[in-house]
Amino acid sequence: MQLVRPENALPGHRDYTYSVPATHAVLGTPMMGPWPEGARLLTVGMGCFWGAERIFWQIPGVIATAAGYQGGYTPYATYEEVCTGRTGHAEVVQIVYDPAKVDLETLLRAFWENHDPTQGYRQGNDRGSQYRSAIYWHEPEDEELVRASRDAYNEVVRAHGYPDITTELRPATEAGPFYYAEELHQQYLHKNPWGYCNHGFNGMSCPVGILAQDEVPSQTSIAPPQAAPPQA
């Protein structure tokens, strides 16, 4: 339940020791690029990446999603290594999207509304620093909206009696490389429809028009979570 120090992190590997599928199992798009001209990226952590990835591949305008590891120290960590909590990584989802078809604000609403961002190093039954809530932005101009969305949603969660948001906010360049997870984790809930998922609408709508201070509520929800064992 504490973030490992760099000197105590697992050493990792020199390169990939597992394969990543070339094509997204749901969207039919490349998993590792090249992306269409003008495509943008956002990386988020919401606990177990199985359910988190499904949230975003359902949103029109999303080109591709991928489960992976980021924010830590261990290069090319395996799932088993990340689950020890000794890599420093969070389980994350990389989202590639077309800004002409879906805006960043829509993705941020989906992020905030479909998990509990106040739980620190856990998400539901999943405990450990690898399950922390996180947003890693890829464009400098995205920082303002990311932080504004956190501040606006913090008022919402406080009004519902929750503590302050603990979501880690960092530029992706600072969070370090994104390492793709093993093939079995990619689009996991498409391949295993009754698999573990602890994600779904949390009952607290994120304000829209965040930078414009528009307070009209909106709900970006997905299919309800399935019954879950204690560990992702």
# chains A, B, ... in the order shown; residues from 1 in each chain; ligands from 1
>>> select_by_dssp(residues="stretch 9-224 of chain A", states="alpha helix (DSSP H)", output="ChimeraX atom specification")
/A:49-57,79-83,104-113,142-159,172-175,188-191
>>> residues_around(residues="A:Val44", least_positions_apart="5", cutoff="9 Å", atoms="only C-alpha atoms", output="ChimeraX atom specification")
/A:52,91-95,111,133-137
>>> select_by_dssp(residues="stretch 46-158 of chain A", states="strand (DSSP E or B)", output="ChimeraX atom specification")
/A:46,62-70,90-97,122-123,126-127,133-137
>>> write_last_selection(atoms="C-alpha atoms", output="JSON list (two decimals), in the first residue's frame")
[["chain", "number", "residue", "atom", "x", "y", "z"],
["A", 46, "MET", "CA", -8.66, 3.39, -12.86],
["A", 62, "VAL", "CA", -11.84, 6.34, -29.99],
["A", 63, "ILE", "CA", -9.43, 4.79, -32.50],
["A", 64, "ALA", "CA", -7.71, 2.24, -30.27],
["A", 65, "THR", "CA", -7.19, 1.28, -26.64],
["A", 66, "ALA", "CA", -4.50, -0.81, -24.99],
["A", 67, "ALA", "CA", -3.90, -2.17, -21.49],
["A", 68, "GLY", "CA", -0.46, -1.56, -20.09],
["A", 69, "TYR", "CA", 1.83, -0.38, -17.32],
["A", 70, "GLN", "CA", 3.18, 3.13, -16.71],
["A", 90, "ALA", "CA", -0.03, 1.63, -12.36],
["A", 91, "GLU", "CA", -2.27, -0.57, -14.48],
["A", 92, "VAL", "CA", -3.32, 1.89, -17.18],
["A", 93, "VAL", "CA", -5.19, 2.19, -20.46],
["A", 94, "GLN", "CA", -3.72, 4.07, -23.40],
["A", 95, "ILE", "CA", -6.46, 5.75, -25.45],
["A", 96, "VAL", "CA", -5.92, 6.88, -29.03],
["A", 97, "TYR", "CA", -8.72, 9.14, -30.24],
["A", 122, "ARG", "CA", -6.63, 0.74, -4.19],
["A", 123, "GLN", "CA", -9.80, 0.44, -6.21],
["A", 126, "ASP", "CA", -8.04, -4.45, -5.52],
["A", 127, "ARG", "CA", -5.34, -3.15, -3.18],
["A", 133, "SER", "CA", -6.18, 6.39, -10.07],
["A", 134, "ALA", "CA", -4.06, 8.33, -12.56],
["A", 135, "ILE", "CA", -4.16, 10.59, -15.62],
["A", 136, "TYR", "CA", -1.09, 11.02, -17.81],
["A", 137, "TRP", "CA", -1.61, 13.64, -20.52]]
>>> residues_around(residues="A:Ser129", least_positions_apart="2", cutoff="8 Å", atoms="only C-alpha atoms", output="ChimeraX atom specification")
/A:1-3,85,88-90,120-122,127,131-132
>>> write_last_selection(atoms="N, CA and C atoms", output="PDB file, in the first residue's frame")
ATOM      1  N   MET A   1       0.813  -1.210   0.000  1.00  0.00           N
ATOM      2  CA  MET A   1       0.000   0.000   0.000  1.00  0.00           C
ATOM      3  C   MET A   1       0.850   1.264   0.000  1.00  0.00           C
ATOM      4  N   GLN A   2       2.135   1.128  -0.281  1.00  0.00           N
ATOM      5  CA  GLN A   2       3.025   2.272  -0.438  1.00  0.00           C
ATOM      6  C   GLN A   2       3.730   2.170  -1.782  1.00  0.00           C
ATOM      7  N   LEU A   3       4.072   3.316  -2.360  1.00  0.00           N
ATOM      8  CA  LEU A   3       4.767   3.321  -3.640  1.00  0.00           C
ATOM      9  C   LEU A   3       6.232   2.956  -3.423  1.00  0.00           C
ATOM     10  N   GLY A  85       3.539  -4.963  -6.682  1.00  0.00           N
ATOM     11  CA  GLY A  85       3.654  -3.599  -6.191  1.00  0.00           C
ATOM     12  C   GLY A  85       5.082  -3.094  -6.167  1.00  0.00           C
ATOM     13  N   GLY A  88       6.405   0.005  -9.268  1.00  0.00           N
ATOM     14  CA  GLY A  88       6.002   1.411  -9.254  1.00  0.00           C
ATOM     15  C   GLY A  88       4.956   1.757 -10.297  1.00  0.00           C
ATOM     16  N   HIS A  89       4.668   0.820 -11.208  1.00  0.00           N
ATOM     17  CA  HIS A  89       3.718   1.099 -12.280  1.00  0.00           C
ATOM     18  C   HIS A  89       2.273   1.054 -11.787  1.00  0.00           C
ATOM     19  N   ALA A  90       1.416   1.786 -12.480  1.00  0.00           N
ATOM     20  CA  ALA A  90      -0.030   1.629 -12.365  1.00  0.00           C
ATOM     21  C   ALA A  90      -0.514   0.813 -13.553  1.00  0.00           C
ATOM     22  N   GLY A 120      -6.995   6.299  -3.111  1.00  0.00           N
ATOM     23  CA  GLY A 120      -5.550   6.148  -2.943  1.00  0.00           C
ATOM     24  C   GLY A 120      -5.026   4.926  -3.662  1.00  0.00           C
ATOM     25  N   TYR A 121      -4.257   4.113  -2.955  1.00  0.00           N
ATOM     26  CA  TYR A 121      -3.616   2.950  -3.574  1.00  0.00           C
ATOM     27  C   TYR A 121      -4.527   1.721  -3.514  1.00  0.00           C
ATOM     28  N   ARG A 122      -5.706   1.870  -4.071  1.00  0.00           N
ATOM     29  CA  ARG A 122      -6.627   0.743  -4.188  1.00  0.00           C
ATOM     30  C   ARG A 122      -7.774   1.164  -5.086  1.00  0.00           C
ATOM     31  N   ARG A 127      -6.169  -3.982  -4.051  1.00  0.00           N
ATOM     32  CA  ARG A 127      -5.345  -3.150  -3.185  1.00  0.00           C
ATOM     33  C   ARG A 127      -3.890  -3.170  -3.635  1.00  0.00           C
ATOM     34  N   TYR A 131      -3.002  -0.153  -8.472  1.00  0.00           N
ATOM     35  CA  TYR A 131      -4.421   0.104  -8.746  1.00  0.00           C
ATOM     36  C   TYR A 131      -4.803   1.559  -8.506  1.00  0.00           C
ATOM     37  N   ARG A 132      -3.813   2.441  -8.445  1.00  0.00           N
ATOM     38  CA  ARG A 132      -4.112   3.848  -8.163  1.00  0.00           C
ATOM     39  C   ARG A 132      -4.806   4.513  -9.355  1.00  0.00           C
TER      40      ARG A 132
END
>>> atom_distance(atom1="atom CA of A:Asp15", atom2="atom CA of A:Gly28")
25.9 Å
>>> closest_residue(among="A:Met204, A:His24, A:Thr167, A:Asn154", to="A:Glu53", atoms="only C-alpha atoms")
A:His24
>>> residues_around(residues="A:His138", least_positions_apart="6", cutoff="8 Å", atoms="only C-alpha atoms", output="MDAnalysis selection string")
chainID A and resid 40:43 171:173
>>> residues_around(residues="A:Asp164", least_positions_apart="5", cutoff="8 Å", atoms="only C-alpha atoms", output="NGL selection string")
:A and (118 or 154 or 157-158)
>>> write_last_selection(atoms="N, CA and C atoms", output="tab-separated table (two decimals), in the first residue's frame")
chain	number	residue	atom	x	y	z
A	118	THR	N	-11.06	8.52	-5.13
A	118	THR	CA	-10.70	9.00	-3.80
A	118	THR	C	-10.03	7.93	-2.94
A	154	ASN	N	-13.82	17.28	-7.83
A	154	ASN	CA	-13.55	17.22	-6.39
A	154	ASN	C	-14.69	17.84	-5.60
A	157	VAL	N	-17.51	15.16	-5.49
A	157	VAL	CA	-17.32	14.05	-4.56
A	157	VAL	C	-17.42	14.53	-3.12
A	158	ARG	N	-16.95	15.74	-2.84
A	158	ARG	CA	-17.12	16.29	-1.49
A	158	ARG	C	-18.59	16.43	-1.13
>>> closest_residue(among="A:Asn198, A:Thr87, A:Asn8, A:Thr17", to="A:Tyr73", atoms="only C-alpha atoms")
A:Thr87
